[in-house]
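Source file: my_file30.cif. Holds: mmCIF, C-alpha atoms.
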```
data_model
#
loop_
_atom_site.label_atom_id
_atom_site.label_comp_id
_atom_site.auth_asym_id
_atom_site.auth_seq_id
_atom_site.Cartn_x
_atom_site.Cartn_y
_atom_site.Cartn_z
CA MET A 61 50.24 -95.35 -5.21
CA PHE A 62 48.84 -93.86 -8.41
CA MET A 63 49.37 -96.89 -10.61
CA HIS A 64 49.31 -100.61 -10.15
CA LYS A 65 52.63 -101.85 -8.69
CA LYS A 66 53.47 -103.75 -11.87
CA LEU A 67 53.48 -100.47 -13.80
CA SER A 68 55.40 -98.20 -11.44
CA LEU A 69 58.88 -98.82 -12.85
CA ILE A 70 57.76 -98.69 -16.45
CA LEU A 71 55.90 -95.42 -16.03
CA GLY A 72 59.04 -93.73 -14.77
CA ALA A 73 60.21 -93.53 -18.38
CA PHE A 74 57.17 -91.74 -19.76
CA ALA A 75 59.01 -88.41 -20.19
CA LEU A 76 61.50 -90.06 -22.54
CA LEU A 77 58.70 -91.52 -24.64
CA ALA A 78 57.03 -88.14 -24.87
CA THR A 79 60.02 -86.86 -26.87
CA THR A 80 59.75 -89.53 -29.59
CA PRO A 81 60.63 -87.91 -32.95
CA LEU A 82 58.04 -87.27 -35.63
CA PRO A 83 57.26 -90.22 -37.92
CA ALA A 84 58.97 -90.39 -41.31
CA GLN A 85 55.56 -90.08 -42.98
CA PRO A 86 53.75 -87.20 -41.26
CA ARG A 87 49.97 -87.47 -41.07
CA GLY A 88 48.99 -84.22 -39.38
CA ASP A 89 46.32 -83.80 -36.74
CA GLU A 90 43.51 -85.87 -38.22
CA PRO A 91 42.67 -89.48 -37.28
CA ILE A 92 43.24 -92.34 -39.69
CA ALA A 93 40.67 -95.06 -40.19
CA VAL A 94 40.96 -98.42 -38.51
CA PRO A 95 41.64 -101.00 -41.28
CA ARG A 96 38.60 -102.98 -42.36
CA SER A 97 40.48 -106.19 -41.55
CA ILE A 98 40.30 -105.29 -37.83
CA LYS A 99 36.89 -106.10 -36.37
CA GLN A 100 36.04 -103.73 -33.53
CA GLY A 101 33.16 -105.69 -32.06
CA ILE A 102 34.67 -106.17 -28.61
CA ASP A 103 38.42 -105.93 -28.48
CA PHE A 104 40.88 -103.08 -28.02
CA VAL A 105 42.49 -102.25 -31.35
CA TYR A 106 45.37 -100.48 -29.60
CA VAL A 107 46.90 -100.86 -26.14
CA ASP A 108 49.64 -98.54 -24.91
CA PRO A 109 52.73 -100.70 -24.21
CA GLU A 110 52.81 -99.33 -20.67
CA LEU A 111 49.31 -100.70 -20.05
CA SER A 112 50.03 -104.16 -21.44
CA THR A 113 49.90 -105.79 -18.00
CA VAL A 114 46.36 -104.51 -17.35
CA ALA A 115 44.91 -104.43 -20.88
CA ARG A 116 45.25 -106.78 -23.82
CA LYS A 117 44.90 -106.26 -27.57
CA ARG A 118 43.22 -108.91 -29.73
CA GLN A 119 42.00 -110.80 -26.66
CA ARG A 120 39.81 -113.80 -27.36
CA PRO A 121 36.25 -113.04 -26.18
CA GLN A 122 34.67 -115.42 -23.72
CA ASN A 123 31.08 -116.55 -23.44
CA TRP A 124 29.17 -114.38 -21.02
CA LEU A 125 28.29 -117.38 -18.82
CA ALA A 126 31.99 -117.65 -17.94
CA ARG A 127 32.10 -113.96 -17.06
CA LEU A 128 29.16 -114.31 -14.68
CA PHE A 129 31.36 -116.28 -12.29
CA ASP A 130 33.09 -112.98 -11.53
CA PHE A 131 29.81 -111.24 -10.74
CA GLY A 132 29.74 -112.65 -7.21
CA SER A 133 33.27 -111.41 -6.53
CA ALA A 134 32.37 -107.71 -6.54
CA ASN A 135 33.79 -107.12 -3.07
CA ARG A 136 37.15 -108.81 -3.52
CA ARG A 137 40.37 -107.03 -4.46
CA ASN A 138 40.78 -106.64 -8.21
CA ALA A 139 37.11 -107.39 -8.86
CA PRO A 140 35.72 -106.57 -12.32
CA ASN A 141 35.10 -102.94 -13.16
CA PRO A 142 32.02 -101.40 -11.49
CA LEU A 143 30.37 -100.95 -14.89
CA PHE A 144 30.62 -104.72 -15.41
CA ILE A 145 28.97 -105.34 -12.04
CA GLU A 146 26.11 -102.95 -12.87
CA LEU A 147 25.55 -104.60 -16.25
CA ALA A 148 25.59 -108.06 -14.63
CA ARG A 149 22.89 -106.93 -12.22
CA GLY A 150 20.99 -105.49 -15.18
CA LEU A 151 21.19 -108.84 -16.96
CA GLN A 152 19.73 -110.62 -13.95
CA GLN A 153 16.91 -108.09 -13.76
CA TYR A 154 16.23 -108.36 -17.50
CA GLU A 155 16.08 -112.16 -17.34
CA ALA A 156 13.70 -111.95 -14.38
CA SER A 157 11.36 -109.51 -16.14
CA TRP A 158 11.31 -109.39 -19.94
CA GLY A 159 13.26 -112.61 -20.33
CA ARG A 160 10.71 -114.77 -18.52
CA LEU A 161 7.79 -113.77 -20.80
CA PRO A 162 6.51 -116.10 -23.57
CA GLN A 163 8.65 -115.53 -26.64
CA VAL A 164 5.86 -115.92 -29.20
CA LYS A 165 5.99 -114.37 -32.67
CA ILE A 166 3.45 -111.78 -33.82
CA PRO A 167 2.74 -111.69 -37.58
CA ALA A 168 3.33 -108.49 -39.54
CA GLY A 169 0.36 -106.24 -40.19
CA ALA A 170 -1.11 -102.86 -39.42
CA ALA A 171 0.15 -100.97 -36.37
CA LEU A 172 -1.49 -102.05 -33.12
CA LYS A 173 -2.64 -99.45 -30.62
CA ARG A 174 -5.14 -98.87 -27.87
CA GLY A 175 -8.56 -100.11 -28.99
CA SER A 176 -7.18 -102.67 -31.48
CA THR A 177 -8.57 -106.21 -31.37
CA GLY A 178 -8.05 -109.50 -33.15
CA LYS A 179 -5.66 -112.47 -33.21
CA ARG A 180 -2.53 -110.32 -33.41
CA VAL A 181 -3.56 -108.42 -30.29
CA ALA A 182 -4.17 -111.74 -28.51
CA LEU A 183 -0.63 -112.82 -29.44
CA LEU A 184 0.70 -109.43 -28.25
CA ARG A 185 -1.00 -109.90 -24.90
CA THR A 186 0.53 -113.38 -24.61
CA ARG A 187 3.97 -111.99 -25.56
CA LEU A 188 3.65 -109.44 -22.76
CA GLY A 189 2.66 -112.10 -20.19
CA MET A 190 -1.08 -111.36 -20.10
CA PRO A 191 -4.16 -113.50 -20.78
CA ALA A 192 -4.94 -113.58 -24.50
CA ALA A 193 -8.46 -112.18 -24.11
CA GLY A 194 -9.08 -108.51 -23.44
CA GLY A 195 -7.95 -106.51 -26.48
CA PHE A 196 -5.48 -103.63 -26.57
CA ASP A 197 -6.51 -101.99 -23.30
CA ALA A 198 -4.81 -99.58 -20.88
CA ARG A 199 -2.77 -102.38 -19.32
CA VAL A 200 -1.34 -103.41 -22.71
CA ASP A 201 -0.66 -99.76 -23.55
CA ALA A 202 1.36 -99.33 -20.34
CA ALA A 203 3.28 -102.57 -20.95
CA VAL A 204 4.15 -101.57 -24.53
CA ARG A 205 5.38 -98.15 -23.36
CA ALA A 206 7.56 -99.79 -20.70
CA TYR A 207 8.95 -102.22 -23.30
CA GLN A 208 9.74 -99.38 -25.70
CA GLU A 209 11.54 -97.39 -23.00
CA VAL A 210 13.77 -100.28 -21.89
CA HIS A 211 14.58 -101.38 -25.44
CA GLY A 212 15.49 -97.93 -26.74
CA LEU A 213 12.68 -97.66 -29.29
CA GLY A 214 12.39 -93.89 -29.39
CA THR A 215 9.78 -91.92 -27.46
CA PRO A 216 7.43 -94.47 -25.86
CA ASP A 217 4.02 -94.03 -27.48
CA GLY A 218 2.31 -97.36 -26.80
CA ILE A 219 1.93 -98.09 -30.54
CA VAL A 220 3.23 -101.40 -31.87
CA GLY A 221 4.51 -100.26 -35.24
CA ARG A 222 7.13 -101.88 -37.42
CA GLY A 223 10.11 -101.15 -35.11
CA THR A 224 8.44 -102.28 -31.90
CA LEU A 225 7.05 -105.39 -33.58
CA ALA A 226 10.50 -106.32 -34.94
CA SER A 227 11.98 -105.89 -31.47
CA LEU A 228 9.31 -108.05 -29.81
CA ASN A 229 9.85 -110.77 -32.40
CA ARG A 230 13.63 -110.82 -31.92
CA GLY A 231 13.00 -112.23 -28.49
CA ALA A 232 14.75 -111.89 -25.15
CA THR A 233 17.76 -114.03 -26.12
CA TYR A 234 18.90 -111.42 -28.63
CA TYR A 235 18.81 -108.68 -25.99
CA GLU A 236 20.40 -110.84 -23.30
CA ARG A 237 23.27 -111.43 -25.73
CA ARG A 238 23.61 -107.70 -26.32
CA ILE A 239 23.92 -107.24 -22.56
CA ALA A 240 26.55 -110.00 -22.54
CA ILE A 241 28.51 -108.26 -25.31
CA ASN A 242 28.54 -105.04 -23.30
CA MET A 243 29.56 -106.95 -20.19
CA GLU A 244 32.54 -108.31 -22.14
CA ARG A 245 33.57 -104.78 -23.09
CA ALA A 246 33.14 -103.59 -19.50
CA TYR A 247 35.12 -106.59 -18.24
CA ARG A 248 38.14 -105.21 -20.12
CA LEU A 249 37.97 -101.89 -18.28
CA PRO A 250 40.25 -101.53 -15.23
CA GLN A 251 39.63 -103.94 -12.39
CA THR A 252 39.09 -102.40 -8.98
CA ARG A 253 42.21 -101.03 -7.23
CA THR A 254 44.24 -101.10 -10.44
CA PHE A 255 44.50 -97.30 -10.66
CA ASP A 256 43.75 -94.45 -8.32
CA ARG A 257 42.26 -92.46 -11.18
CA TYR A 258 41.36 -93.11 -14.80
CA VAL A 259 39.12 -91.92 -17.62
CA VAL A 260 36.52 -93.95 -19.55
CA VAL A 261 35.37 -92.55 -22.89
CA ASP A 262 32.19 -94.31 -24.02
CA SER A 263 31.63 -93.70 -27.73
CA GLY A 264 28.32 -95.57 -27.54
CA SER A 265 26.67 -92.93 -25.36
CA ALA A 266 29.08 -90.12 -26.35
CA GLU A 267 29.96 -89.52 -22.71
CA THR A 268 33.17 -89.45 -20.69
CA PHE A 269 33.42 -90.71 -17.09
CA LEU A 270 36.09 -89.71 -14.59
CA PHE A 271 36.86 -92.44 -12.05
CA ASP A 272 38.49 -91.81 -8.67
CA ARG A 273 39.15 -95.00 -6.67
CA ASP A 274 36.70 -96.90 -8.84
CA ARG A 275 33.88 -94.40 -8.33
CA ILE A 276 32.51 -92.11 -11.02
CA VAL A 277 33.14 -88.64 -9.61
CA ASP A 278 32.32 -86.64 -12.75
CA ARG A 279 30.96 -87.14 -16.25
CA MET A 280 30.50 -84.97 -19.30
CA ARG A 281 29.15 -85.11 -22.80
CA VAL A 282 31.56 -85.58 -25.66
CA VAL A 283 31.39 -85.59 -29.44
CA VAL A 284 32.80 -88.78 -30.96
CA GLY A 285 33.27 -90.31 -34.40
CA THR A 286 30.53 -90.79 -36.96
CA ALA A 287 29.47 -94.23 -38.19
CA LYS A 288 32.01 -93.83 -41.03
CA THR A 289 34.81 -92.35 -38.88
CA GLN A 290 34.45 -94.44 -35.74
CA THR A 291 36.27 -93.69 -32.50
CA PRO A 292 38.33 -96.86 -31.87
CA ILE A 293 38.20 -99.04 -28.75
CA MET A 294 41.58 -98.47 -27.09
CA ALA A 295 43.52 -98.38 -23.81
CA VAL A 296 45.98 -95.49 -23.78
CA LEU A 297 47.93 -93.21 -21.44
CA MET A 298 47.56 -89.45 -21.34
CA ARG A 299 50.92 -87.87 -20.59
CA ASN A 300 50.58 -84.27 -21.70
CA ALA A 301 48.36 -81.61 -23.18
CA ARG A 302 49.02 -78.75 -25.58
CA ALA A 303 47.66 -75.32 -24.72
CA ASN A 304 46.90 -73.03 -27.66
CA PRO A 305 47.48 -75.91 -30.08
CA TYR A 306 48.26 -75.64 -33.74
CA TRP A 307 46.26 -77.76 -36.15
CA ASN A 308 48.67 -79.43 -38.56
CA VAL A 309 46.90 -80.12 -41.84
CA PRO A 310 47.50 -83.71 -43.05
CA PRO A 311 49.48 -83.87 -46.32
CA GLU A 312 46.54 -85.42 -48.16
CA LEU A 313 44.30 -82.51 -47.11
CA VAL A 314 47.00 -80.05 -48.19
CA ARG A 315 46.67 -81.56 -51.66
CA SER A 316 42.91 -82.13 -51.81
CA LEU A 317 41.72 -79.09 -49.84
CA THR A 318 44.30 -76.38 -49.11
CA ALA A 319 45.97 -76.28 -52.53
CA LYS A 320 42.59 -76.48 -54.25
CA ARG A 321 41.20 -73.57 -52.22
CA ILE A 322 44.31 -71.49 -52.94
CA GLY A 323 43.77 -72.18 -56.63
CA GLU A 324 40.21 -70.91 -56.35
CA GLN A 325 40.66 -68.03 -53.88
CA GLY A 326 44.34 -67.13 -54.09
CA LEU A 327 46.87 -66.93 -51.27
CA SER A 328 44.45 -64.76 -49.25
CA TYR A 329 42.78 -68.07 -48.29
CA LEU A 330 45.71 -68.80 -45.96
CA LYS A 331 45.44 -65.44 -44.21
CA ASP A 332 41.64 -65.51 -44.03
CA PHE A 333 41.67 -68.90 -42.28
CA HIS A 334 44.76 -68.25 -40.12
CA TYR A 335 47.20 -70.68 -41.75
CA GLU A 336 50.96 -70.47 -42.01
CA VAL A 337 53.35 -72.55 -44.14
CA LEU A 338 56.55 -74.21 -42.86
CA ARG A 339 59.38 -75.62 -44.94
CA ASP A 340 58.95 -79.21 -43.71
CA TRP A 341 57.81 -81.35 -40.75
CA SER A 342 60.96 -81.06 -38.67
CA ALA A 343 60.71 -79.64 -35.15
CA ASP A 344 62.61 -76.46 -36.03
CA ALA A 345 61.24 -75.92 -39.54
CA PRO A 346 61.15 -72.22 -40.49
CA ILE A 347 58.09 -70.38 -41.75
CA ILE A 348 58.28 -69.75 -45.49
CA ASP A 349 56.57 -67.43 -47.94
CA PRO A 350 53.61 -69.34 -49.48
CA LYS A 351 54.40 -67.64 -52.80
CA THR A 352 57.43 -69.95 -53.09
CA VAL A 353 55.21 -73.07 -53.14
CA ASN A 354 53.89 -74.56 -56.40
CA TRP A 355 50.30 -74.99 -55.19
CA LYS A 356 49.04 -75.86 -58.66
CA ALA A 357 51.43 -78.84 -58.91
CA ILE A 358 50.38 -80.01 -55.44
CA ALA A 359 46.67 -79.73 -56.27
CA SER A 360 47.13 -81.75 -59.47
CA GLY A 361 49.10 -84.47 -57.71
CA LYS A 362 52.21 -83.86 -59.80
CA GLN A 363 54.13 -82.82 -56.68
CA GLN A 364 53.91 -84.33 -53.22
CA PRO A 365 53.44 -81.74 -50.44
CA THR A 366 56.61 -81.81 -48.34
CA ILE A 367 55.76 -78.47 -46.77
CA ARG A 368 53.72 -78.25 -43.55
CA VAL A 369 50.56 -76.16 -43.34
CA ARG A 370 49.27 -75.42 -39.88
CA GLN A 371 46.40 -73.39 -38.49
CA LEU A 372 47.36 -70.86 -35.84
CA PRO A 373 46.07 -71.05 -32.26
CA GLY A 374 42.85 -69.16 -31.64
CA PRO A 375 39.06 -69.45 -31.43
CA TRP A 376 38.94 -70.56 -35.09
CA ASN A 377 41.17 -73.58 -34.43
CA SER A 378 39.35 -76.93 -34.45
CA MET A 379 41.06 -77.83 -31.13
CA ARG A 380 40.55 -74.34 -29.76
CA ASN A 381 42.20 -73.94 -26.32
CA MET A 382 43.66 -77.36 -25.48
CA LYS A 383 44.53 -80.73 -26.96
CA PHE A 384 45.02 -83.75 -24.66
CA GLU A 385 47.44 -86.18 -26.28
CA VAL A 386 47.37 -89.98 -26.04
CA ARG A 387 49.86 -92.09 -27.98
CA ASN A 388 48.19 -94.49 -30.42
CA ASP A 389 48.37 -95.76 -33.99
CA PHE A 390 45.24 -93.98 -35.20
CA GLY A 391 45.85 -90.30 -34.43
CA ILE A 392 43.08 -90.12 -31.82
CA TYR A 393 43.17 -87.50 -29.06
CA LEU A 394 40.81 -85.46 -26.84
CA HIS A 395 40.37 -81.74 -27.34
CA ASP A 396 38.41 -78.56 -26.82
CA THR A 397 36.14 -77.33 -29.64
CA PRO A 398 34.87 -74.05 -31.08
CA HIS A 399 31.40 -75.61 -31.51
CA PRO A 400 29.83 -75.97 -28.03
CA GLU A 401 26.36 -76.07 -29.56
CA LEU A 402 26.96 -79.70 -30.64
CA PHE A 403 26.81 -80.93 -27.05
CA ALA A 404 23.09 -80.08 -26.90
CA LYS A 405 22.38 -82.71 -29.58
CA ALA A 406 21.02 -86.10 -28.57
CA ASP A 407 23.17 -87.81 -31.24
CA ARG A 408 26.76 -86.64 -30.82
CA HIS A 409 28.42 -89.04 -33.28
CA LEU A 410 29.72 -86.16 -35.38
CA SER A 411 33.55 -86.07 -35.37
CA ASN A 412 36.25 -87.61 -37.56
CA GLY A 413 37.14 -89.98 -34.71
CA CYS A 414 38.70 -87.74 -32.07
CA VAL A 415 36.91 -86.87 -28.83
CA ARG A 416 35.64 -83.31 -28.35
CA LEU A 417 35.16 -82.36 -24.69
CA GLU A 418 32.14 -80.48 -23.40
CA ASP A 419 34.19 -78.67 -20.75
CA TYR A 420 37.94 -78.79 -21.33
CA ARG A 421 38.64 -76.67 -18.23
CA ARG A 422 36.81 -79.09 -15.95
CA PHE A 423 38.58 -82.00 -17.59
CA ALA A 424 41.97 -80.28 -17.32
CA SER A 425 41.34 -79.46 -13.67
CA TRP A 426 40.76 -83.14 -12.97
CA VAL A 427 43.73 -84.59 -14.87
CA PHE A 428 46.18 -81.85 -13.81
CA GLY A 429 44.77 -81.13 -10.35
CA ARG A 430 44.24 -77.53 -11.52
CA VAL A 431 43.56 -75.65 -14.73
CA PRO A 432 47.04 -75.00 -16.17
CA GLU A 433 47.55 -71.56 -17.65
CA PRO A 434 49.90 -71.20 -20.63
CA SER A 435 52.69 -68.64 -20.45
CA GLY A 436 51.70 -66.99 -23.74
CA PRO A 437 49.45 -67.15 -26.80
CA ARG A 438 51.57 -69.68 -28.73
CA GLU A 439 51.44 -73.47 -28.53
CA GLU A 440 52.86 -74.86 -25.29
CA VAL A 441 53.32 -78.46 -24.12
CA LEU A 442 52.07 -79.06 -20.56
CA HIS A 443 53.12 -82.35 -18.91
CA LEU A 444 50.68 -84.01 -16.53
CA PRO A 445 51.95 -84.53 -12.97
CA LYS A 446 51.29 -88.25 -13.49
CA PRO A 447 50.11 -90.16 -16.56
CA VAL A 448 46.37 -90.81 -16.59
CA PRO A 449 44.99 -94.03 -18.15
CA VAL A 450 42.25 -93.45 -20.71
CA TYR A 451 40.04 -96.37 -21.72
CA MET A 452 37.95 -95.85 -24.84
CA THR A 453 35.07 -98.29 -25.01
CA TYR A 454 31.68 -98.67 -26.69
CA LEU A 455 28.60 -99.40 -24.59
CA THR A 456 25.13 -99.75 -26.09
CA VAL A 457 23.47 -100.92 -22.88
CA ALA A 458 23.35 -98.67 -19.83
CA PRO A 459 22.52 -99.49 -16.20
CA ARG A 460 19.42 -97.65 -15.00
CA GLY A 461 18.14 -98.03 -11.46
CA ASN A 462 17.78 -101.75 -10.84
CA GLY A 463 17.70 -102.58 -14.54
CA ILE A 464 19.11 -101.51 -17.88
CA VAL A 465 18.17 -99.58 -21.00
CA PHE A 466 19.28 -100.34 -24.55
CA ARG A 467 20.71 -97.68 -26.83
CA PRO A 468 21.31 -97.61 -30.60
CA ASP A 469 24.33 -99.38 -32.11
CA PRO A 470 25.60 -96.55 -34.37
CA TYR A 471 28.88 -98.28 -35.28
CA GLY A 472 27.35 -101.74 -35.77
CA PHE A 473 29.83 -103.17 -33.25
CA ASP A 474 27.16 -105.27 -31.51
CA ALA A 475 26.34 -106.95 -34.81
CA LEU A 476 30.06 -107.69 -35.33
CA ALA A 477 30.36 -109.05 -31.79
CA MET A 478 27.48 -111.53 -32.07
CA PRO A 479 29.51 -114.12 -34.04
CA GLN A 480 32.63 -113.27 -32.02
CA MET A 481 30.84 -114.11 -28.79
CA PHE A 482 28.36 -116.75 -29.86
CA GLY A 483 29.74 -118.31 -33.05
CA SER A 484 27.40 -119.31 -35.84
CA ASP A 485 24.39 -119.45 -33.51
CA ARG A 486 23.24 -115.97 -34.47
CA ILE A 487 20.17 -114.03 -33.45
CA ALA A 488 18.48 -111.81 -36.04
CA SER A 489 19.97 -108.32 -36.18
CA ALA A 490 18.06 -105.07 -36.01
CA ASP A 491 16.17 -103.89 -39.10
#
```

Spit out the file's structure as structure tokens when you get a sec.
Amino acid sequence: MFMHKKLSLILGAFALLATTPLPAQPRGDEPIAVPRSIKQGIDFVYVDPELSTVARKRQRPQNWLARLFDFGSANRRNAPNPLFIELARGLQQYEASWGRLPQVKIPAGAALKRGSTGKRVALLRTRLGMPAAGGFDARVDAAVRAYQEVHGLGTPDGIVGRGTLASLNRGATYYERRIAINMERAYRLPQTRTFDRYVVVDSGSAETFLFDRDRIVDRMRVVVGTAKTQTPIMAVLMRNARANPYWNVPPELVRSLTAKRIGEQGLSYLKDFHYEVLRDWSADAPIIDPKTVNWKAIASGKQQPTIRVRQLPGPWNSMRNMKFEVRNDFGIYLHDTPHPELFAKADRHLSNGCVRLEDYRRFASWVFGRVPEPSGPREEVLHLPKPVPVYMTYLTVAPRGNGIVFRPDPYGFDALAMPQMFGSDRIASAD
């Protein structure tokens, strides 16, 4: 079976849900921010009602020691997600290597590098598990480079500057807790044998993983939200895609951007950027002449924009060839992009919150079983043969070989999760 038995009857109604009417207050095709009152450290901020038996919103986080009891159950039915198991192994390896070293503090001062001597170098050698005597030699240089690589401190150069010194002085407990936070997030991903197939979008690494029978069978780079426009942590169902999608401009952008540009450039702005204007947001709204719209009143705020402005399908469209829809409260979806050059960047936290796919055809082939071809150049809804669960998470620690490697925390979710997981007993955050 495709889905867990508990979901089979519920999922039979997905086609009906897909025809839900437009909301009374249209918001267009741009995400909306998660309210500041919702802390995204660990928990899902949205769970599709049809996934409520296998995912929970606002779930109370548990101490990582409790989660470790499930580490030994990796071979049983409904064991924790494979990413959890890999992180648990990584935690054990970290504790056995960096965690066992003396956690001494090294005073601030000039950068330490090969050839340096003095009391601070002696403390550095002790911190790295070496005899205090000997200076900053080749052995210390190699140990510092290895530390920098594991702890995500940029290109390993063997120099103990401000960032490396701050990391060493945080101590192993801080990093073990970061692993534990990531284990908690991974624990909320699908347990084994829950689904035949599912997608995991990791906004921490800006990558998407395609799982088939609990094995990663494909992965691709994605572009996700910036630090200000974060991609939320969610569990959702993908039911359909739109080929040749329109981009519906949110009413607020119609006021603050479209109407303003028309005031500056005239109505040719709409033609130059491939926009058309509809009477309203109803499904059968007719196209109207933009000359009949009081753009000046809209730009000034004296008139609310009840019209709909949409960008036509084509290579200029921000969703380009295909939009993969997932129902949620925040307007998040996955889509193609006219800017493939962004996937070559190391930091791909660049979007307004939605997920841009590196290869929409490869993704479509996997979720549909083929690459669906639209019947024409206009927008067309394409229903998936079966709904595909999509879990959006945020991982800042990645399994590597027999260990792990730490990554940046661009959204600050690890810092939020520290008190969620460990109460008032906080470890110093990154500088």

Name all residues at most 10 Å from Ala477 of chain A (count all atoms listed in the file; drop same-chain ones fewer than 6 positions away) and give them as a PyMOL selection string. chain A and resi 99-103+121+237-238+241-242+244+483

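For the pair atom CA of Thr291 of chain A and atom CA of Cys414 of chain A, the interatomic distance is 6.4 Å.
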
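The shortest atom-to-atom distance to Gln325 of chain A, with all atoms listed in the file taken into account, belongs to A:Trp355 out of A:Trp355, A:Trp426, A:Phe271, A:Phe384.
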
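Evaluated on this file, the PyMOL selection byres ((chain A and resi 225) around 10) matches A:Lys165, A:Ile166, A:Pro167, A:Ala168, A:Gly169, A:Ala171, A:Leu172, A:Leu184, A:Ile219, A:Val220, A:Gly221, A:Arg222, A:Gly223, A:Thr224, A:Ala226, A:Ser227, A:Leu228, A:Asn229, A:Arg230.
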
Residues returned when the PyMOL selection byres ((chain A and resi 304-308) around 12) runs on this file, as an mmCIF file with C-alpha atoms, in the coordinates of the input:
```cif
data_model
loop_
_atom_site.group_PDB
_atom_site.id
_atom_site.type_symbol
_atom_site.label_atom_id
_atom_site.label_comp_id
_atom_site.auth_asym_id
_atom_site.auth_seq_id
_atom_site.Cartn_x
_atom_site.Cartn_y
_atom_site.Cartn_z
ATOM 1 C CA PRO A 86 53.750 -87.200 -41.260
ATOM 2 C CA ARG A 87 49.970 -87.470 -41.070
ATOM 3 C CA GLY A 88 48.990 -84.220 -39.380
ATOM 4 C CA ASP A 89 46.320 -83.800 -36.740
ATOM 5 C CA GLU A 90 43.510 -85.870 -38.220
ATOM 6 C CA PRO A 91 42.670 -89.480 -37.280
ATOM 7 C CA ALA A 301 48.360 -81.610 -23.180
ATOM 8 C CA ARG A 302 49.020 -78.750 -25.580
ATOM 9 C CA ALA A 303 47.660 -75.320 -24.720
ATOM 10 C CA VAL A 309 46.900 -80.120 -41.840
ATOM 11 C CA PRO A 310 47.500 -83.710 -43.050
ATOM 12 C CA PRO A 311 49.480 -83.870 -46.320
ATOM 13 C CA GLU A 312 46.540 -85.420 -48.160
ATOM 14 C CA LEU A 313 44.300 -82.510 -47.110
ATOM 15 C CA VAL A 314 47.000 -80.050 -48.190
ATOM 16 C CA THR A 318 44.300 -76.380 -49.110
ATOM 17 C CA PHE A 333 41.670 -68.900 -42.280
ATOM 18 C CA HIS A 334 44.760 -68.250 -40.120
ATOM 19 C CA TYR A 335 47.200 -70.680 -41.750
ATOM 20 C CA GLU A 336 50.960 -70.470 -42.010
ATOM 21 C CA VAL A 337 53.350 -72.550 -44.140
ATOM 22 C CA LEU A 338 56.550 -74.210 -42.860
ATOM 23 C CA ASP A 340 58.950 -79.210 -43.710
ATOM 24 C CA TRP A 341 57.810 -81.350 -40.750
ATOM 25 C CA ILE A 367 55.760 -78.470 -46.770
ATOM 26 C CA ARG A 368 53.720 -78.250 -43.550
ATOM 27 C CA VAL A 369 50.560 -76.160 -43.340
ATOM 28 C CA ARG A 370 49.270 -75.420 -39.880
ATOM 29 C CA GLN A 371 46.400 -73.390 -38.490
ATOM 30 C CA LEU A 372 47.360 -70.860 -35.840
ATOM 31 C CA PRO A 373 46.070 -71.050 -32.260
ATOM 32 C CA GLY A 374 42.850 -69.160 -31.640
ATOM 33 C CA PRO A 375 39.060 -69.450 -31.430
ATOM 34 C CA TRP A 376 38.940 -70.560 -35.090
ATOM 35 C CA ASN A 377 41.170 -73.580 -34.430
ATOM 36 C CA SER A 378 39.350 -76.930 -34.450
ATOM 37 C CA MET A 379 41.060 -77.830 -31.130
ATOM 38 C CA ARG A 380 40.550 -74.340 -29.760
ATOM 39 C CA ASN A 381 42.200 -73.940 -26.320
ATOM 40 C CA MET A 382 43.660 -77.360 -25.480
ATOM 41 C CA LYS A 383 44.530 -80.730 -26.960
ATOM 42 C CA PHE A 384 45.020 -83.750 -24.660
ATOM 43 C CA GLU A 385 47.440 -86.180 -26.280
ATOM 44 C CA GLY A 391 45.850 -90.300 -34.430
ATOM 45 C CA HIS A 395 40.370 -81.740 -27.340
ATOM 46 C CA ASP A 396 38.410 -78.560 -26.820
ATOM 47 C CA THR A 397 36.140 -77.330 -29.640
ATOM 48 C CA PRO A 432 47.040 -75.000 -16.170
ATOM 49 C CA GLU A 433 47.550 -71.560 -17.650
ATOM 50 C CA PRO A 434 49.900 -71.200 -20.630
ATOM 51 C CA SER A 435 52.690 -68.640 -20.450
ATOM 52 C CA GLY A 436 51.700 -66.990 -23.740
ATOM 53 C CA PRO A 437 49.450 -67.150 -26.800
ATOM 54 C CA ARG A 438 51.570 -69.680 -28.730
ATOM 55 C CA GLU A 439 51.440 -73.470 -28.530
ATOM 56 C CA GLU A 440 52.860 -74.860 -25.290
ATOM 57 C CA VAL A 441 53.320 -78.460 -24.120
ATOM 58 C CA LEU A 442 52.070 -79.060 -20.560
#
```

Selected residue, from A:Asp108, A:Asp349, A:Asp344, A:Glu146, that lies nearest to Asn462 of chain A when counting only C-alpha atoms: A:Glu146

Quick one: which residues end up in the PyMOL selection byres ((chain A and resi 150) around 10) for this structure, as a PyMOL selection string? chain A and resi 144-149+151-156+236+239+457-465

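The space separating atom CA of His409 of chain A from atom CA of Val283 of chain A comes to 6.0 Å.
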